file work_21.cif (mmCIF, C-alpha atoms and all ligand atoms)
data_coords
loop_
_atom_site.label_atom_id
_atom_site.label_comp_id
_atom_site.auth_asym_id
_atom_site.auth_seq_id
_atom_site.Cartn_x
_atom_site.Cartn_y
_atom_site.Cartn_z
CA MET O 242 -44.95 13.62 -34.90
CA SER O 243 -47.90 15.96 -34.37
CA ALA O 244 -50.30 15.28 -31.51
CA ARG O 245 -52.83 12.59 -32.41
CA ASN O 246 -56.63 12.89 -32.40
CA ILE O 247 -59.04 10.27 -31.10
CA LEU O 248 -62.80 10.48 -31.42
CA VAL O 249 -64.50 9.05 -28.34
CA ILE O 250 -68.03 7.73 -28.81
CA ASN O 251 -70.58 6.72 -26.21
CA CYS O 252 -73.71 5.24 -27.81
CA GLY O 253 -76.93 4.90 -25.83
CA SER O 254 -80.13 3.31 -27.12
CA SER O 255 -81.30 6.60 -28.66
CA SER O 256 -78.28 8.86 -28.22
CA ILE O 257 -74.61 9.32 -29.10
CA LYS O 258 -72.28 11.38 -26.93
CA PHE O 259 -68.96 12.22 -28.58
CA ALA O 260 -65.75 14.11 -27.92
CA LEU O 261 -62.67 14.73 -30.00
CA VAL O 262 -59.61 14.36 -27.79
CA ASN O 263 -56.22 15.65 -28.86
CA GLU O 264 -53.43 13.99 -26.91
CA ALA O 265 -51.66 17.31 -26.30
CA ARG O 266 -54.70 19.27 -25.07
CA THR O 267 -56.73 18.97 -21.90
CA SER O 268 -59.95 20.48 -23.32
CA PHE O 269 -61.94 18.80 -26.09
CA SER O 270 -61.58 20.25 -29.61
CA LEU O 271 -65.13 19.16 -30.37
CA GLN O 272 -67.89 17.64 -28.30
CA GLY O 273 -71.56 16.94 -28.76
CA LEU O 274 -74.67 14.89 -28.33
CA ALA O 275 -77.09 13.36 -30.81
CA GLU O 276 -80.35 12.53 -29.09
CA ARG O 277 -83.83 11.12 -29.74
CA LEU O 278 -82.33 9.08 -32.57
CA GLY O 279 -84.83 7.02 -34.53
CA SER O 280 -87.61 9.57 -33.93
CA PRO O 281 -88.89 12.59 -35.89
CA GLU O 282 -87.32 14.80 -33.17
CA ALA O 283 -83.78 13.46 -33.69
CA ILE O 284 -81.34 16.31 -33.14
CA LEU O 285 -77.60 16.86 -32.99
CA HIS O 286 -75.91 19.44 -30.75
CA TRP O 287 -72.20 20.11 -30.91
CA GLN O 288 -69.69 22.59 -29.58
CA LEU O 289 -66.47 23.76 -31.17
CA GLY O 290 -64.61 25.90 -28.64
CA GLU O 291 -67.23 28.44 -27.53
CA ASP O 292 -69.29 28.01 -30.69
CA LYS O 293 -72.46 25.94 -30.16
CA GLN O 294 -74.47 24.52 -33.04
CA THR O 295 -77.60 22.45 -33.51
CA ARG O 296 -78.91 20.49 -36.47
CA LYS O 297 -82.30 18.80 -36.72
CA MET O 298 -82.00 15.32 -38.27
CA PRO O 299 -85.59 13.99 -38.45
CA ASP O 300 -85.70 10.18 -38.20
CA ALA O 301 -81.90 9.87 -38.25
CA ASN O 302 -80.62 6.61 -36.77
CA HIS O 303 -77.18 5.98 -35.22
CA GLN O 304 -75.61 5.39 -38.63
CA ALA O 305 -77.01 8.62 -40.09
CA ALA O 306 -75.87 10.65 -37.08
CA LEU O 307 -72.38 9.12 -37.22
CA ALA O 308 -72.24 9.78 -40.97
CA PHE O 309 -72.40 13.45 -40.02
CA ILE O 310 -70.29 13.34 -36.85
CA LEU O 311 -67.29 11.42 -38.25
CA PRO O 312 -66.45 13.80 -41.15
CA LEU O 313 -67.03 16.75 -38.81
CA ALA O 314 -64.54 15.29 -36.34
CA GLN O 315 -62.13 14.56 -39.16
CA GLU O 316 -62.31 18.14 -40.37
CA VAL O 317 -61.81 19.58 -36.86
CA ALA O 318 -58.86 17.21 -36.42
CA GLY O 319 -57.25 18.84 -39.46
CA GLY O 320 -57.99 16.03 -41.90
CA THR O 321 -56.92 12.95 -39.97
CA LEU O 322 -58.40 10.97 -37.16
CA ASP O 323 -56.01 8.47 -35.61
CA GLY O 324 -58.60 6.19 -34.07
CA ILE O 325 -62.01 5.86 -32.48
CA GLY O 326 -62.50 4.86 -28.85
CA HIS O 327 -65.88 3.36 -27.93
CA ARG O 328 -67.26 3.18 -24.43
CA VAL O 329 -68.85 -0.20 -23.81
CA VAL O 330 -70.78 -0.77 -20.61
CA HIS O 331 -70.44 -4.50 -20.03
CA GLY O 332 -67.49 -6.70 -20.88
CA GLY O 333 -68.55 -9.51 -18.54
CA GLU O 334 -65.55 -11.71 -17.71
CA ASN O 335 -64.34 -11.51 -21.31
CA PHE O 336 -62.40 -8.25 -21.05
CA THR O 337 -59.90 -7.09 -18.46
CA SER O 338 -58.65 -4.10 -20.46
CA ALA O 339 -59.29 -2.05 -23.61
CA SER O 340 -59.30 -4.06 -26.86
CA LEU O 341 -58.77 -3.36 -30.54
CA VAL O 342 -62.03 -4.23 -32.27
CA ASP O 343 -62.07 -7.44 -34.28
CA GLU O 344 -64.66 -10.18 -34.78
CA ARG O 345 -63.68 -11.84 -31.47
CA VAL O 346 -64.25 -8.60 -29.58
CA LEU O 347 -67.62 -8.01 -31.25
CA GLU O 348 -68.65 -11.54 -30.30
CA GLY O 349 -67.51 -10.94 -26.71
CA ILE O 350 -69.68 -7.81 -26.49
CA ARG O 351 -72.64 -9.67 -27.99
CA SER O 352 -72.24 -12.50 -25.51
CA SER O 353 -72.29 -10.03 -22.58
CA ALA O 354 -75.47 -8.37 -23.88
CA GLN O 355 -77.71 -10.40 -21.59
CA LEU O 356 -75.97 -8.72 -18.66
CA ALA O 357 -76.61 -5.20 -20.06
CA PRO O 358 -79.60 -5.51 -22.39
CA LEU O 359 -80.14 -1.76 -22.65
CA HIS O 360 -76.52 -0.75 -23.15
CA ASN O 361 -74.43 -3.34 -24.99
CA PRO O 362 -76.66 -3.59 -28.10
CA ALA O 363 -76.58 0.23 -28.41
CA ASN O 364 -72.78 0.23 -27.99
CA LEU O 365 -72.55 -2.40 -30.75
CA ILE O 366 -74.66 -0.33 -33.13
CA GLY O 367 -72.17 2.53 -32.71
CA ILE O 368 -69.13 0.34 -33.29
CA GLU O 369 -70.59 -1.35 -36.38
CA ALA O 370 -71.75 1.95 -37.88
CA ALA O 371 -68.32 3.53 -37.32
CA MET O 372 -66.60 0.49 -38.85
CA LYS O 373 -68.76 0.75 -41.97
CA LEU O 374 -68.11 4.45 -42.36
CA PHE O 375 -64.37 4.33 -41.65
CA PRO O 376 -63.23 0.75 -42.30
CA GLY O 377 -59.54 1.67 -42.29
CA LEU O 378 -59.54 3.41 -38.90
CA PRO O 379 -58.48 1.52 -35.74
CA GLN O 380 -61.41 1.17 -33.34
CA VAL O 381 -60.93 0.41 -29.68
CA THR O 382 -63.45 -0.62 -27.02
CA VAL O 383 -63.07 0.48 -23.41
CA PHE O 384 -65.28 -1.35 -20.92
CA ASP O 385 -66.85 0.08 -17.74
CA THR O 386 -66.43 -3.30 -16.10
CA ALA O 387 -62.83 -4.15 -17.12
CA PHE O 388 -61.05 -2.31 -14.29
CA HIS O 389 -62.95 -4.35 -11.70
CA GLN O 390 -61.89 -7.71 -13.12
CA SER O 391 -59.01 -7.60 -10.61
CA MET O 392 -61.41 -8.00 -7.65
CA PRO O 393 -60.68 -11.12 -5.60
CA GLU O 394 -63.30 -13.86 -5.79
CA TYR O 395 -64.43 -13.25 -2.21
CA ALA O 396 -65.36 -9.71 -3.25
CA TYR O 397 -67.15 -10.53 -6.50
CA ARG O 398 -69.16 -13.64 -5.55
CA TYR O 399 -72.70 -13.47 -4.19
CA ALA O 400 -73.68 -15.99 -1.54
CA VAL O 401 -76.04 -17.82 -3.88
CA PRO O 402 -75.70 -21.35 -5.32
CA GLU O 403 -72.53 -21.83 -7.34
CA TYR O 404 -74.24 -22.87 -10.59
CA LEU O 405 -75.80 -19.41 -10.86
CA TYR O 406 -72.27 -18.05 -11.15
CA LYS O 407 -70.73 -20.84 -13.20
CA GLU O 408 -73.57 -21.29 -15.68
CA HIS O 409 -75.30 -17.92 -15.69
CA GLY O 410 -72.61 -15.36 -14.82
CA VAL O 411 -74.36 -14.20 -11.64
CA ARG O 412 -71.59 -12.31 -9.82
CA ARG O 413 -70.57 -8.75 -9.02
CA TYR O 414 -68.96 -6.94 -11.99
CA GLY O 415 -68.93 -3.26 -11.01
CA PHE O 416 -69.14 -0.23 -13.32
CA HIS O 417 -67.63 3.28 -13.63
CA GLY O 418 -64.24 1.54 -13.93
CA THR O 419 -62.88 4.09 -16.41
CA SER O 420 -63.63 6.93 -14.02
CA HIS O 421 -62.27 5.21 -10.88
CA ARG O 422 -59.10 4.33 -12.80
CA TYR O 423 -58.65 7.85 -14.17
CA VAL O 424 -59.09 9.65 -10.83
CA SER O 425 -56.90 7.20 -8.91
CA GLN O 426 -54.09 7.78 -11.43
CA ARG O 427 -54.60 11.54 -11.16
CA ALA O 428 -54.55 11.25 -7.36
CA ALA O 429 -51.20 9.47 -7.53
CA GLU O 430 -49.83 12.22 -9.82
CA MET O 431 -51.15 15.01 -7.58
CA THR O 432 -49.63 13.49 -4.45
CA GLU O 433 -46.45 12.26 -6.17
CA LEU O 434 -47.06 8.68 -5.08
CA PRO O 435 -46.31 5.83 -7.49
CA VAL O 436 -49.60 4.40 -8.83
CA LYS O 437 -48.15 0.93 -8.22
CA ASP O 438 -47.71 1.71 -4.53
CA SER O 439 -50.82 3.66 -3.58
CA CYS O 440 -54.14 2.91 -1.88
CA TRP O 441 -57.33 4.90 -2.53
CA LEU O 442 -61.00 5.02 -1.76
CA SER O 443 -62.88 6.59 -4.65
CA ALA O 444 -66.46 7.92 -4.75
CA HIS O 445 -67.86 8.59 -8.22
CA LEU O 446 -71.08 10.52 -7.55
CA GLY O 447 -73.16 11.45 -10.59
CA ASN O 448 -76.63 10.39 -11.69
CA GLY O 449 -75.24 6.91 -11.14
CA SER O 450 -72.88 6.56 -8.17
CA SER O 451 -70.38 4.02 -6.93
CA THR O 452 -67.46 3.62 -4.56
CA CYS O 453 -64.25 1.71 -5.25
CA ALA O 454 -61.22 0.47 -3.30
CA ILE O 455 -58.05 0.75 -5.39
CA VAL O 456 -54.75 -0.85 -4.39
CA ASN O 457 -51.58 -0.33 -6.43
CA GLY O 458 -53.58 0.66 -9.52
CA GLU O 459 -56.08 -2.23 -9.28
CA SER O 460 -59.70 -2.34 -8.22
CA ARG O 461 -60.15 -4.58 -5.17
CA ASP O 462 -63.84 -3.93 -4.54
CA THR O 463 -66.64 -1.71 -5.74
CA SER O 464 -70.20 -1.00 -4.69
CA MET O 465 -72.06 -1.81 -7.93
CA GLY O 466 -72.69 -5.46 -8.70
CA LEU O 467 -74.28 -7.62 -11.37
CA THR O 468 -76.03 -4.44 -12.53
CA PRO O 469 -75.55 -0.73 -11.75
CA LEU O 470 -78.47 -0.86 -9.28
CA GLU O 471 -76.46 -2.26 -6.36
CA GLY O 472 -74.86 -0.07 -3.74
CA LEU O 473 -75.30 3.65 -3.18
CA VAL O 474 -78.39 5.84 -3.32
CA MET O 475 -78.43 7.42 -6.82
CA GLY O 476 -80.49 9.97 -8.75
CA THR O 477 -83.43 7.66 -9.47
CA ARG O 478 -81.98 4.27 -8.41
CA SER O 479 -82.56 2.83 -4.97
CA GLY O 480 -79.16 1.21 -4.49
CA ASP O 481 -79.20 -1.63 -1.92
CA VAL O 482 -82.57 -2.78 -0.63
CA ASP O 483 -83.57 -5.96 1.15
CA PRO O 484 -83.62 -8.57 -1.66
CA ASN O 485 -86.94 -9.76 -0.24
CA LEU O 486 -88.50 -6.43 -1.19
CA HIS O 487 -89.24 -7.93 -4.61
CA SER O 488 -91.31 -10.82 -3.31
CA HIS O 489 -92.87 -8.59 -0.65
CA LEU O 490 -94.15 -6.16 -3.31
CA ALA O 491 -95.33 -8.99 -5.53
CA ARG O 492 -97.18 -10.60 -2.63
CA THR O 493 -98.67 -7.56 -0.97
CA LEU O 494 -99.28 -5.22 -3.94
CA GLY O 495 -99.45 -7.73 -6.79
CA TRP O 496 -96.67 -5.92 -8.67
CA ASN O 497 -95.01 -7.65 -11.63
CA LEU O 498 -91.28 -7.63 -12.43
CA GLU O 499 -91.53 -4.70 -14.80
CA GLN O 500 -93.24 -2.53 -12.18
CA ILE O 501 -90.66 -3.46 -9.54
CA ASP O 502 -87.79 -2.86 -11.96
CA ASN O 503 -89.17 0.49 -12.97
CA MET O 504 -89.73 1.62 -9.39
CA LEU O 505 -86.22 0.63 -8.25
CA ASN O 506 -84.44 2.09 -11.31
CA ARG O 507 -86.48 5.15 -12.19
CA GLU O 508 -88.64 6.22 -9.25
CA SER O 509 -86.34 5.70 -6.28
CA GLY O 510 -83.06 7.17 -5.03
CA LEU O 511 -82.94 10.93 -4.42
CA LYS O 512 -86.12 11.34 -6.46
CA GLY O 513 -88.14 8.80 -4.51
CA LEU O 514 -86.88 9.90 -1.10
CA SER O 515 -87.33 13.64 -1.67
CA GLY O 516 -90.56 13.48 -3.67
CA LEU O 517 -89.03 16.47 -5.45
CA SER O 518 -86.14 15.79 -7.81
CA ASN O 519 -83.33 13.42 -8.80
CA ASP O 520 -80.98 16.37 -9.18
CA MET O 521 -78.63 17.18 -6.31
CA ARG O 522 -78.49 20.87 -7.24
CA THR O 523 -82.26 21.23 -6.88
CA LEU O 524 -82.19 19.26 -3.63
CA SER O 525 -79.36 21.36 -2.19
CA GLU O 526 -81.38 24.53 -2.81
CA ALA O 527 -84.56 22.99 -1.39
CA ARG O 528 -82.68 21.72 1.66
CA ALA O 529 -81.27 25.19 2.29
CA ALA O 530 -84.88 26.45 2.20
CA GLY O 531 -85.92 23.84 4.80
CA HIS O 532 -87.65 21.24 2.54
CA ALA O 533 -88.03 18.09 4.68
CA GLY O 534 -87.94 15.57 1.79
CA ALA O 535 -84.82 17.15 0.28
CA THR O 536 -83.11 17.12 3.68
CA LEU O 537 -83.91 13.46 4.22
CA ALA O 538 -82.78 12.47 0.71
CA PHE O 539 -79.51 14.35 1.21
CA ASP O 540 -78.89 12.72 4.60
CA VAL O 541 -79.66 9.20 3.37
CA PHE O 542 -77.42 9.74 0.32
CA CYS O 543 -74.48 10.91 2.46
CA TYR O 544 -74.92 8.34 5.24
CA ARG O 545 -75.14 5.43 2.81
CA LEU O 546 -72.10 6.76 0.95
CA ALA O 547 -70.10 6.96 4.20
CA LYS O 548 -71.21 3.44 5.14
CA SER O 549 -70.09 2.13 1.76
CA LEU O 550 -66.70 3.86 2.02
CA ALA O 551 -66.15 2.45 5.50
CA GLY O 552 -66.96 -1.02 4.10
CA MET O 553 -64.59 -0.53 1.15
CA ALA O 554 -61.82 0.32 3.63
CA CYS O 555 -61.73 -3.44 4.43
CA ALA O 556 -60.09 -3.95 1.03
CA LEU O 557 -57.19 -1.57 1.72
CA PRO O 558 -53.92 -2.32 3.55
CA ARG O 559 -53.63 1.44 4.24
CA LEU O 560 -55.34 4.63 3.10
CA ASP O 561 -53.43 7.21 1.03
CA GLY O 562 -56.55 9.21 0.32
CA LEU O 563 -60.27 9.45 -0.34
CA ILE O 564 -61.23 10.80 -3.78
CA PHE O 565 -64.49 12.58 -4.66
CA THR O 566 -65.49 12.82 -8.33
CA GLY O 567 -68.56 12.97 -10.64
CA GLY O 568 -71.03 15.89 -10.81
CA ILE O 569 -71.93 15.69 -7.10
CA GLY O 570 -68.45 14.71 -5.87
CA GLU O 571 -66.82 17.55 -7.82
CA ASN O 572 -69.36 20.26 -7.01
CA SER O 573 -71.28 19.65 -3.82
CA ALA O 574 -69.14 20.84 -0.92
CA ALA O 575 -72.19 20.25 1.30
CA ALA O 576 -72.48 16.56 0.34
CA ARG O 577 -68.74 16.02 0.91
CA SER O 578 -68.90 17.72 4.27
CA ARG O 579 -72.00 15.78 5.45
CA THR O 580 -70.47 12.47 4.32
CA LEU O 581 -67.26 13.17 6.21
CA GLN O 582 -69.27 13.79 9.40
CA PHE O 583 -70.00 10.05 9.38
CA LEU O 584 -66.38 8.98 8.82
CA GLY O 585 -64.69 10.29 11.95
CA LEU O 586 -63.70 6.76 12.94
CA LEU O 587 -61.43 6.59 9.88
CA HIS O 588 -59.84 9.86 11.13
CA LEU O 589 -60.97 11.61 7.95
CA ARG O 590 -61.58 15.29 8.67
CA ILE O 591 -62.39 18.05 6.23
CA ASP O 592 -61.07 21.63 6.01
CA GLU O 593 -64.24 23.57 5.20
CA GLU O 594 -62.45 26.48 3.52
CA ALA O 595 -60.55 24.21 1.18
CA ASN O 596 -63.73 22.20 0.65
CA ALA O 597 -65.64 25.30 -0.44
CA ARG O 598 -62.88 26.21 -2.95
CA CYS O 599 -62.92 22.85 -4.76
CA VAL O 600 -65.99 23.21 -6.98
CA PHE O 601 -66.68 23.72 -10.71
CA GLY O 602 -63.63 21.88 -11.98
CA VAL O 603 -61.13 22.97 -9.32
CA ALA O 604 -59.09 19.98 -8.12
CA GLY O 605 -57.38 19.92 -4.75
CA GLU O 606 -56.87 18.49 -1.28
CA ILE O 607 -59.55 19.35 1.27
CA GLN O 608 -58.48 17.52 4.45
CA SER O 609 -57.64 19.27 7.69
CA LYS O 610 -54.36 18.71 9.53
CA ASP O 611 -53.77 15.17 10.82
CA SER O 612 -56.38 13.67 8.50
CA PRO O 613 -55.62 11.25 5.67
CA ARG O 614 -55.84 13.05 2.32
CA ILE O 615 -59.26 13.90 0.91
CA LEU O 616 -59.10 14.87 -2.77
CA VAL O 617 -61.54 16.43 -5.20
CA ILE O 618 -60.64 15.38 -8.75
CA PRO O 619 -62.76 16.11 -11.84
CA THR O 620 -63.18 12.90 -13.78
CA ASN O 621 -62.55 12.71 -17.51
CA GLU O 622 -63.74 9.39 -18.88
CA GLU O 623 -63.41 10.56 -22.49
CA ARG O 624 -59.77 11.42 -21.99
CA GLN O 625 -59.09 8.07 -20.33
CA ILE O 626 -60.79 6.27 -23.25
CA ALA O 627 -58.66 8.28 -25.69
CA LEU O 628 -55.48 7.45 -23.73
CA ASP O 629 -56.39 3.74 -23.73
CA THR O 630 -57.02 3.91 -27.48
CA LEU O 631 -53.67 5.61 -28.08
CA ALA O 632 -51.88 3.08 -25.89
CA LEU O 633 -53.27 0.24 -28.01
CA LEU O 634 -52.30 2.00 -31.25
CA ASP O 635 -48.75 2.19 -29.92
CA THR O 636 -48.45 -1.56 -29.33
P1 LIG L 701 -73.84 11.63 -15.10
O1 LIG L 701 -73.79 10.44 -14.18
O2 LIG L 701 -75.11 11.71 -15.89
O3 LIG L 701 -72.57 11.83 -15.92
P2 LIG L 701 -72.90 13.93 -13.59
O4 LIG L 701 -71.60 13.32 -13.21
O5 LIG L 701 -72.90 15.09 -14.54
O6 LIG L 701 -73.95 12.86 -14.10
O7 LIG L 701 -73.61 14.39 -12.22
C1 LIG L 701 -74.90 14.88 -12.18
C2 LIG L 701 -75.24 15.24 -10.74
O8 LIG L 701 -74.31 16.23 -10.28
C3 LIG L 701 -76.64 15.82 -10.59
O9 LIG L 701 -77.27 15.28 -9.44
C4 LIG L 701 -76.35 17.29 -10.39
O10 LIG L 701 -77.34 17.95 -9.66
C5 LIG L 701 -75.06 17.22 -9.60
N1 LIG L 701 -74.40 18.54 -9.57
C6 LIG L 701 -73.84 19.22 -10.59
N2 LIG L 701 -73.44 20.44 -10.17
C7 LIG L 701 -73.76 20.54 -8.85
C8 LIG L 701 -73.63 21.54 -7.84
N3 LIG L 701 -73.07 22.71 -8.10
N4 LIG L 701 -74.08 21.26 -6.59
C9 LIG L 701 -74.67 20.08 -6.31
N5 LIG L 701 -74.84 19.11 -7.22
C10 LIG L 701 -74.39 19.32 -8.46
#
call {"tool": "encode", "arguments": {"input": "work_21.cif", "output": "structure tokens", "more": "lines below"}}
Ligand code: ADP
result
Amino acid sequence: MSARNILVINCGSSSIKFALVNEARTSFSLQGLAERLGSPEAILHWQLGEDKQTRKMPDANHQAALAFILPLAQEVAGGTLDGIGHRVVHGGENFTSASLVDERVLEGIRSSAQLAPLHNPANLIGIEAAMKLFPGLPQVTVFDTAFHQSMPEYAYRYAVPEYLYKEHGVRRYGFHGTSHRYVSQRAAEMTELPVKDSCWLSAHLGNGSSTCAIVNGESRDTSMGLTPLEGLVMGTRSGDVDPNLHSHLARTLGWNLEQIDNMLNRESGLKGLSGLSNDMRTLSEARAAGHAGATLAFDVFCYRLAKSLAGMACALPRLDGLIFTGGIGENSAAARSRTLQFLGLLHLRIDEEANARCVFGVAGEIQSKDSPRILVIPTNEERQIALDTLALLDT
């Protein structure tokens, strides 16, 4: 049988990211982004090998963009697509793994929408549009939260009254599960350890960032919670703050919920601390040039990351390795090095030459002698979604 092709779709409220994954190839045959959907500036960018193309689609909505993307993917796949894999942000407690789309699954995504009001409705639009356009094609949903459903209750409960959990779903869910799962499986392959007998700390560091403790292929704890705001310092998100900050700002500055939400999600993190940028590349350059705000933002980011990893270590019976991934984890040797300066107590020590080599997609081990393994592993959420889709088609 020839290698199968899965189209992976990630729908945002005004965008669609897509990639065509062939099971036999590591690079994508086709990838692209439709953005500003629903506006006169709606535009589609896609890349076929080295060839980049753009098409203006004024006022196109998700359905119109998919009506163009799906036949394009079908053509690139040589006439047949074998399935579509959809990224869905929040599966609540309804989903512990990928699922073939049916009415029950759609209802489960709808019922989790209150937990991810910006993301789940957009994900649903993508699934429903794809189902209309290609009714005969198997569609699979892969949830960011599903991997973390294996956390023990003492890790996922907040210390708030029980009815808030039982009646309103207030608990820690965690996100980035597809990425943490992918890199921990790759780490096991690279080190020739069985996934089912391996223990990892993982740091996914992109615009959103989280840490995860993974034991024998299962998530045991993670730094994000009810929403992706909890935990680490991120591009524009604050991560953990004193929960009383909300009432303090309301009392002292008269801020309403929307203002507080906006500040914590869009004006904080690296951007808020540096006063310069949410982008680690820009901050690294500014730091090298002596910019005080960039230096502070970098230090807070790395210290808080180290503190989170040390906390996650409580969930592990032993440590087979620490994994760095995501745009910052894969590329910023400086951020890895600074973070490791705070983790001496875990005996983690970096080899700076190896650290400098592992950038721009190069995977490898970067620990010095006598240190537990430290690995840099490029993540590939699209490939993991395609693999999950294929696995379900095989059942
Ligand atoms: P997203 O969460 O949107 O998928 P990415 O995983 O692509 O984001 O990560 C984006 C982050 O990675 C940005 O802060 C960017 O500056 C950072 N990054 C990418 N390349 C480098 C680099 N060479 N050095 C430092 N940071 C980098």
call {"tool": "closest_residue", "arguments": {"input": "work_21.cif", "among": "O:Met465, O:Ala396, O:Val401, O:Leu524", "to": "ligand LIG 701 (chain L)", "atoms": "only C-alpha atoms and all ligand atoms"}}
result
O:Leu524
call {"tool": "closest_residue", "arguments": {"input": "work_21.cif", "among": "O:Leu498, O:Ala354, O:Ala260, O:Leu511", "to": "ligand LIG 701 (chain L)", "atoms": "only C-alpha atoms and all ligand atoms"}}
result
O:Leu511
call {"tool": "residues_near_ligand", "arguments": {"input": "work_21.cif", "ligand": "ligand LIG 701 (chain L)", "cutoff": "9 Å", "atoms": "all atoms listed in the file", "output": "ChimeraX atom specification"}}
result
/O:445-450,475-476,511,519-526,566-576,600-601,620
call {"tool": "closest_residue", "arguments": {"input": "work_21.cif", "among": "O:Leu616, O:Ala604, O:Val456, O:Ile366", "to": "Ile591 of chain O", "atoms": "only C-alpha atoms"}}
result
O:Leu616
call {"tool": "atom_distance", "arguments": {"input": "work_21.cif", "atom1": "atom CA of Leu537 of chain O", "atom2": "atom CA of Trp496 of chain O"}}
result
26.5 Å
call {"tool": "residues_around", "arguments": {"input": "work_21.cif", "residues": "Ala357 of chain O", "least_positions_apart": "5", "cutoff": "9 Å", "atoms": "all atoms listed in the file", "output": "NGL selection string"}}
result
:O and (330-331 or 362 or 468)
call {"tool": "residues_near_point", "arguments": {"input": "work_21.cif", "point": "(-59.6, 4.2, -10.7)", "cutoff": "9 Å", "atoms": "only C-alpha atoms", "output": "VMD selection string"}}
result
chain O and resid 388 417 to 427 441 443 453 to 455 458 to 460
call {"tool": "closest_residue", "arguments": {"input": "work_21.cif", "among": "O:Pro619, O:Pro299, O:Gly253, O:Pro558", "to": "Arg328 of chain O", "atoms": "all atoms listed in the file"}}
result
O:Gly253
call {"tool": "atom_distance", "arguments": {"input": "work_21.cif", "atom1": "atom CA of Ile615 of chain O", "atom2": "atom CA of Lys548 of chain O"}}
result
16.4 Å
call {"tool": "atom_distance", "arguments": {"input": "work_21.cif", "atom1": "atom CA of Lys373 of chain O", "atom2": "atom CA of Thr386 of chain O"}}
result
26.3 Å
call {"tool": "decode", "arguments": {"input": "work_21.cif", "residues": "segment 334-351 of chain O", "atoms": "C-alpha atoms", "output": "PDB file, in the first residue's frame"}}
result
ATOM      1  CA  GLU O 334     -12.762  15.718  30.841  1.00  0.00           C
ATOM      2  CA  ASN O 335     -14.602  14.249  27.846  1.00  0.00           C
ATOM      3  CA  PHE O 336     -11.569  13.157  25.837  1.00  0.00           C
ATOM      4  CA  THR O 337      -8.480  11.245  26.903  1.00  0.00           C
ATOM      5  CA  SER O 338      -7.239  10.535  23.378  1.00  0.00           C
ATOM      6  CA  ALA O 339      -7.862  11.327  19.707  1.00  0.00           C
ATOM      7  CA  SER O 340     -11.394  10.569  18.474  1.00  0.00           C
ATOM      8  CA  LEU O 341     -13.081   9.868  15.155  1.00  0.00           C
ATOM      9  CA  VAL O 342     -15.588  12.667  14.618  1.00  0.00           C
ATOM     10  CA  ASP O 343     -19.230  11.770  15.109  1.00  0.00           C
ATOM     11  CA  GLU O 344     -22.185  13.596  16.656  1.00  0.00           C
ATOM     12  CA  ARG O 345     -21.096  12.581  20.181  1.00  0.00           C
ATOM     13  CA  VAL O 346     -17.644  14.058  19.633  1.00  0.00           C
ATOM     14  CA  LEU O 347     -19.064  17.297  18.224  1.00  0.00           C
ATOM     15  CA  GLU O 348     -21.313  17.567  21.272  1.00  0.00           C
ATOM     16  CA  GLY O 349     -18.336  16.947  23.566  1.00  0.00           C
ATOM     17  CA  ILE O 350     -16.402  19.794  21.921  1.00  0.00           C
ATOM     18  CA  ARG O 351     -19.425  22.084  22.169  1.00  0.00           C
TER      19      ARG O 351
END
